[in-house]
Every structure is written in C-alpha cells, then in structure tokens.
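As provided, protein.cif (mmCIF, C-alpha atoms) reads as follows.
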```cif
data_start
#
loop_
_atom_site.label_atom_id
_atom_site.label_comp_id
_atom_site.auth_asym_id
_atom_site.auth_seq_id
_atom_site.Cartn_x
_atom_site.Cartn_y
_atom_site.Cartn_z
CA MET G 5 -62.20 264.76 42.72
CA ALA G 6 -63.17 265.72 46.28
CA GLU G 7 -60.54 266.30 48.94
CA PHE G 8 -60.54 264.11 52.05
CA LYS G 9 -60.88 266.45 55.02
CA GLN G 10 -61.00 264.68 58.36
CA LEU G 11 -61.41 261.38 60.14
CA LEU G 12 -64.90 261.14 61.63
CA LYS G 13 -65.86 259.48 64.87
CA ILE G 14 -67.19 255.95 64.46
CA PRO G 15 -70.67 256.68 65.95
CA GLU G 16 -71.08 259.56 63.50
CA ILE G 17 -70.13 257.30 60.59
CA VAL G 18 -72.56 254.62 61.75
CA GLN G 19 -75.39 257.12 62.20
CA ALA G 20 -74.83 258.71 58.77
CA LEU G 21 -74.73 255.36 56.97
CA ASN G 22 -77.81 254.10 58.81
CA LYS G 23 -79.69 257.16 57.52
CA ILE G 24 -79.09 256.02 53.94
CA ASN G 25 -80.20 252.46 54.76
CA ILE G 26 -76.76 250.91 55.21
CA ASP G 27 -77.20 248.57 58.18
CA ILE G 28 -73.96 248.99 60.10
CA ILE G 29 -72.81 248.98 63.75
CA ASP G 30 -69.65 250.23 65.46
CA GLU G 31 -68.14 246.74 65.50
CA ASP G 32 -68.31 246.54 61.71
CA ILE G 33 -65.64 249.25 61.71
CA THR G 34 -63.63 248.36 64.80
CA LYS G 35 -63.60 244.63 63.97
CA PRO G 36 -64.27 244.42 60.24
CA THR G 37 -64.78 241.14 58.41
CA PRO G 38 -64.58 240.65 54.63
CA GLU G 39 -68.28 239.74 54.48
CA ARG G 40 -69.48 242.85 56.34
CA VAL G 41 -67.06 245.14 54.52
CA PHE G 42 -68.21 243.72 51.20
CA TYR G 43 -71.82 244.43 52.21
CA ILE G 44 -70.96 248.01 53.21
CA TYR G 45 -69.14 248.71 49.97
CA GLU G 46 -71.92 247.10 47.94
CA CYS G 47 -74.44 249.45 49.62
CA MET G 48 -72.16 252.40 48.85
CA VAL G 49 -72.04 251.43 45.17
CA ASN G 50 -75.79 250.98 45.09
CA TYR G 51 -76.38 254.34 46.81
CA THR G 52 -74.02 256.18 44.48
CA LEU G 53 -74.52 254.39 41.16
CA GLY G 54 -77.69 252.36 41.62
CA ILE G 55 -75.81 249.10 40.95
CA ARG G 56 -76.00 245.90 42.99
CA TYR G 57 -73.33 243.20 42.95
CA SER G 58 -75.94 240.83 41.51
CA ASP G 59 -76.16 243.15 38.50
CA LEU G 60 -72.48 242.53 37.82
CA THR G 61 -72.90 238.75 37.80
CA GLN G 62 -74.95 238.86 34.61
CA PRO G 63 -73.00 237.48 31.61
CA ASN G 64 -71.14 240.11 29.63
CA PHE G 65 -70.49 238.43 26.29
CA GLU G 66 -68.74 241.49 24.88
CA ILE G 67 -66.02 241.30 27.54
CA GLU G 68 -65.83 237.51 27.48
CA ARG G 69 -65.13 237.54 23.74
CA LYS G 70 -62.04 239.67 24.40
CA LEU G 71 -60.61 237.30 27.02
CA GLU G 72 -58.01 234.74 26.02
CA TYR G 73 -59.33 232.18 28.52
CA PRO G 74 -62.90 233.27 29.35
CA GLU G 75 -63.79 229.97 31.02
CA LEU G 76 -61.07 230.62 33.62
CA LEU G 77 -61.64 234.30 34.20
CA LYS G 78 -65.36 234.97 33.73
CA ASP G 79 -66.21 233.97 37.32
CA SER G 80 -63.89 236.67 38.63
CA LEU G 81 -65.20 239.40 36.33
CA PRO G 82 -68.01 240.55 38.69
CA LEU G 83 -65.55 240.97 41.57
CA VAL G 84 -63.07 242.83 39.38
CA SER G 85 -65.85 245.10 38.12
CA PHE G 86 -67.07 245.69 41.67
CA TYR G 87 -63.57 246.58 42.82
CA GLY G 88 -63.30 249.04 39.94
CA LEU G 89 -66.56 250.73 40.91
CA ILE G 90 -65.76 251.12 44.61
CA SER G 91 -62.24 252.31 43.73
CA LYS G 92 -63.71 254.99 41.48
CA ILE G 93 -66.18 256.11 44.15
CA LEU G 94 -63.52 256.35 46.85
CA LYS G 95 -61.14 258.15 44.52
CA ASN G 96 -63.85 260.70 43.82
CA VAL G 97 -64.26 261.34 47.56
CA GLY G 98 -60.53 261.76 48.13
CA ILE G 99 -59.21 258.24 48.82
CA GLU G 100 -56.37 257.40 46.45
CA ASN G 101 -54.89 254.32 48.10
CA PHE G 102 -57.81 251.88 48.05
CA SER G 103 -56.61 248.38 47.19
CA PHE G 104 -58.02 244.90 46.72
CA ALA G 105 -56.63 244.04 50.15
CA ASP G 106 -59.13 246.47 51.69
CA LEU G 107 -61.85 244.07 50.54
CA VAL G 108 -60.17 240.80 51.44
CA TYR G 109 -58.19 241.85 54.53
CA PRO G 110 -59.99 244.94 55.87
CA GLU G 111 -58.09 247.03 58.40
CA PRO G 112 -60.08 249.16 60.94
CA ASN G 113 -58.20 252.44 60.50
CA GLN G 114 -58.25 252.31 56.70
CA LEU G 115 -61.92 251.32 56.68
CA ARG G 116 -62.73 254.20 59.03
CA ARG G 117 -60.83 256.57 56.76
CA ASN G 118 -62.66 255.30 53.65
CA LEU G 119 -66.06 255.56 55.30
CA SER G 120 -65.27 259.01 56.74
CA ALA G 121 -64.57 260.28 53.24
CA PHE G 122 -67.77 258.72 51.92
CA VAL G 123 -69.89 260.17 54.75
CA GLN G 124 -68.46 263.63 54.11
CA PHE G 125 -69.46 263.19 50.48
CA ILE G 126 -72.99 262.38 51.69
CA TYR G 127 -73.02 265.56 53.80
CA PHE G 128 -71.85 267.59 50.82
CA GLU G 129 -74.41 265.98 48.51
CA GLN G 130 -77.31 266.49 50.92
CA LYS G 131 -76.39 270.11 51.58
CA HIS G 132 -76.05 271.01 47.93
CA THR G 133 -79.00 268.89 46.86
CA ALA G 134 -81.22 271.01 49.11
CA THR G 135 -79.77 274.15 47.52
CA ILE G 136 -80.28 272.70 44.05
CA TYR G 137 -83.91 271.86 44.85
CA GLU G 138 -84.43 275.38 46.18
CA PHE G 139 -83.05 276.91 43.00
CA LYS G 140 -85.04 274.41 40.93
CA ASN G 141 -88.26 275.42 42.67
CA LYS G 142 -87.44 279.07 42.06
CA THR G 143 -86.63 278.29 38.45
CA ASP G 144 -89.90 276.39 38.05
CA GLU G 145 -91.76 279.37 39.52
CA TYR G 146 -90.08 281.75 37.09
CA ASP G 147 -90.74 279.33 34.24
CA ASN G 148 -94.44 279.30 35.12
CA ILE G 149 -94.54 283.10 35.13
CA LEU G 150 -92.70 283.24 31.82
CA ASN G 151 -95.02 280.63 30.34
CA GLU G 152 -98.05 282.65 31.45
CA LYS G 153 -96.55 285.81 29.94
CA GLN G 154 -95.72 283.96 26.74
CA ALA G 155 -99.25 282.56 26.55
CA ARG G 156 -100.63 286.09 26.99
CA ILE G 157 -98.31 287.38 24.27
CA GLU G 158 -99.45 284.61 21.91
CA GLU G 159 -103.07 285.44 22.73
CA LEU G 160 -102.47 289.11 21.92
CA LYS G 161 -100.67 288.17 18.71
CA GLN G 162 -103.65 286.10 17.63
CA ARG G 163 -106.02 288.94 18.50
CA ILE G 164 -103.89 291.41 16.54
CA GLU G 165 -103.83 289.03 13.59
CA GLN G 166 -107.60 288.64 13.81
CA VAL G 167 -108.10 292.41 13.89
CA LYS G 168 -105.71 292.74 10.97
CA LEU G 169 -107.65 290.16 8.96
CA GLU G 170 -110.92 291.87 9.79
CA ARG G 171 -109.43 295.21 8.77
CA GLU G 172 -108.16 293.75 5.51
CA LYS G 173 -111.60 292.27 4.92
CA ASP G 174 -113.20 295.65 5.62
CA GLU G 175 -110.70 297.30 3.28
CA VAL G 176 -111.62 294.82 0.54
CA GLU G 177 -115.31 295.53 1.09
CA ALA G 178 -114.62 299.26 1.12
CA GLN G 179 -112.68 298.95 -2.13
CA LYS G 180 -115.58 297.05 -3.70
CA ILE G 181 -118.02 299.74 -2.56
CA LYS G 182 -115.69 302.41 -3.88
CA GLU G 183 -115.47 300.66 -7.25
CA ILE G 184 -119.26 300.30 -7.41
CA ASN G 185 -119.66 303.96 -6.46
CA ASN G 186 -117.17 305.01 -9.15
CA LYS G 187 -119.00 302.86 -11.68
CA LEU G 188 -122.36 304.38 -10.73
CA THR G 189 -120.83 307.87 -10.83
CA ASN G 190 -119.47 307.24 -14.32
CA GLN G 191 -122.82 305.84 -15.42
CA ASN G 192 -124.55 308.88 -13.97
CA ARG G 193 -122.19 311.16 -15.85
CA GLU G 194 -122.90 309.29 -19.08
CA LEU G 195 -126.63 309.52 -18.47
CA LYS G 196 -126.34 313.24 -17.71
CA SER G 197 -124.28 313.74 -20.84
CA ASN G 198 -126.83 311.84 -22.89
CA HIS G 199 -129.59 313.85 -21.23
CA ASP G 200 -127.86 317.11 -22.14
CA VAL G 201 -127.43 315.97 -25.75
CA THR G 202 -131.05 314.91 -25.92
CA ALA G 203 -132.18 318.21 -24.40
CA ASN G 204 -130.14 320.15 -26.96
CA ASN G 205 -131.60 318.09 -29.78
CA ILE G 206 -135.11 318.68 -28.48
CA ALA G 207 -134.40 322.40 -28.22
CA LYS G 208 -133.14 322.46 -31.82
CA LEU G 209 -136.15 320.54 -33.07
CA LYS G 210 -138.47 322.84 -31.17
CA SER G 211 -136.72 325.87 -32.65
CA GLN G 212 -136.96 324.41 -36.13
CA LYS G 213 -140.64 323.69 -35.59
CA GLU G 214 -141.32 327.23 -34.48
CA THR G 215 -139.48 328.57 -37.51
CA LEU G 216 -141.55 326.43 -39.85
CA GLU G 217 -144.76 327.48 -38.18
CA GLU G 218 -143.88 331.15 -38.64
CA LYS G 219 -143.24 330.60 -42.31
CA ILE G 220 -146.59 328.93 -42.77
#
```

Could you write out this file's structure as structure tokens?
Amino acid sequence: MAEFKQLLKIPEIVQALNKINIDIIDEDITKPTPERVFYIYECMVNYTLGIRYSDLTQPNFEIERKLEYPELLKDSLPLVSFYGLISKILKNVGIENFSFADLVYPEPNQLRRNLSAFVQFIYFEQKHTATIYEFKNKTDEYDNILNEKQARIEELKQRIEQVKLEREKDEVEAQKIKEINNKLTNQNRELKSNHDVTANNIAKLKSQKETLEEKI
C-alpha cells in the first residue's frame, strides 16, 4: 500500500486528471455533486483496472445464486461492486477512510484528499513506467545480442557436427581402403609364396632332368 504524502493544489489535481482523459474542472472539487464525483471515480477505476460501471451491470448469476433474496438485491450489486473497487484503489494509494458517504454525500476536503492521493499515484506510475521502459529497451537490446551470439554458436555447432560427420565418413573410407590394401597385400604374399614354391619345383625338375641326361 502506498503512503499518502501531501494535499495537492486543486489546479494541479485538475491538470493531472485532464492529462489522463478525466474531464474535470476546479468546481467539481470545490462544489462536488454525487453525479460528477461518481463520474470521476468511474474514470479512476477505468484508468486503473480497465473496468467501466456498465461492465458491472452485467448479470452475475454466480453471485445471485448465493443471495437469499436476489430479486431485491441484484439491482444494487453493481454499485456495491463499484464501491469495493474504488475503495481498493484508494486504499492502495494511502486512503484508508473512504466510505459510501463519499459517493452519495461528497465533501470537498475529503474529495481533494482522495484525488491528491490518486494523482500522486499517477506521478509515481508515470515516473517508474518510464524507468521500466528504459530497462526493458536495454533488456531487449541485450536479448538481441544474446540471440545473435546463440545463433552463431548454433551455426558453429552445426558446422562442427558436419566436419565431424565428414571426418567419420573419411575414416570409414580410409578403413575400407586399408582393408582392401591388407587383402591385396595378403594375396600378393600368397602369390609370392606360390611363385617361390613353383620356382623351387621347377629348379628340382630341371636338376633331375640334367641328372638323367648325364646318365644317358
């Protein structure tokens, strides 16, 4: 809950509320009427919560089912709900003593106090909203940089994976070539061995032939 700080001058209140599209003049505060005060509070609820009084007049069957005499009370439900909303808003800006009489029998000093608290809330909101937007813009900028870095990292990861796959493919091909080479080497050894055996046999046969020729 915010803390009520000071009573603002009426022209300042009027100017601040006009800036947020609440059509108000000095006399609405110095000589308040229930109709004008109701309008001001309705605009405050709409500004803060995005709710119009007309939204509260829609049937709420869930609440009506809980009422003992809904036909007697349902017409007053929108007003009760509206009072609850404005009470909550004013409590959050530091006004604890808002009552139903402030709607029906508005009093200038109390109205000025209520509106002063609300205007100071507007000042606070606008000041910090600007700061929030500034930080948000900075955050968005950092997010963009991080996203670019992350995209670059993902790109490098994909490239590394591609190189790895190509290397594995090359290793498979190299292994196949190695196996073929080993097979050819073994075949060559077998052929050489067979050649040596054949050469020895030929040499023996030649020797035997020469021996026979000498005997003849």

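Nearest residue to Leu107 in chain G among G:Ile90, G:Ile164, G:Ala155, G:Val41 is G:Val41, counting only C-alpha atoms.
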
Practice problem: Can you give me, as number ranges by chain, the residues this file yields under the PyMOL selection byres ((chain G and resi 33) around 10)? | Solution: G: 14-15, 17-18, 28-32, 34-37, 40-41, 110-116, 119

Quiz prompt | Between CA of Arg117 in chain G and CA of Leu11 in chain G - distance in Å to one decimal | solution =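 Distance between the two atoms: 5.9 Å.
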
Exercise. To verify the selection step, state as number ranges by chain which residues the PyMOL selection byres ((chain G and resi 98) around 12) yields on this input.
Key: G: 5-10, 91-97, 99-102, 117-125

Quiz prompt | One-decimal distance in Å that lies between CA of Asp106 in chain G and CA of Glu16 in chain G | solution = 21.3 Å

Practice problem: Using CA of Met48 in chain G and CA of Lys131 in chain G as the two end points, give the distance in Å to one decimal. | Solution: 18.4 Å

Quiz item: Expanded to explicit residues, what is the PyMOL selection byres ((chain G and resi 50-58) around 8) for this file, as a ChimeraX atom specification?
Solution: /G:24,46-49,59-62,82,86,93

Enclosing box along x, y and z for every listed atom of range 11-14 of chain G, padded 3 Å each side, centre and size in Å, one decimal, as AutoDock Vina command-line options:
```
--center_x -64.3 --center_y 258.7 --center_z 62.5 --size_x 11.8 --size_y 11.4 --size_z 10.7
```
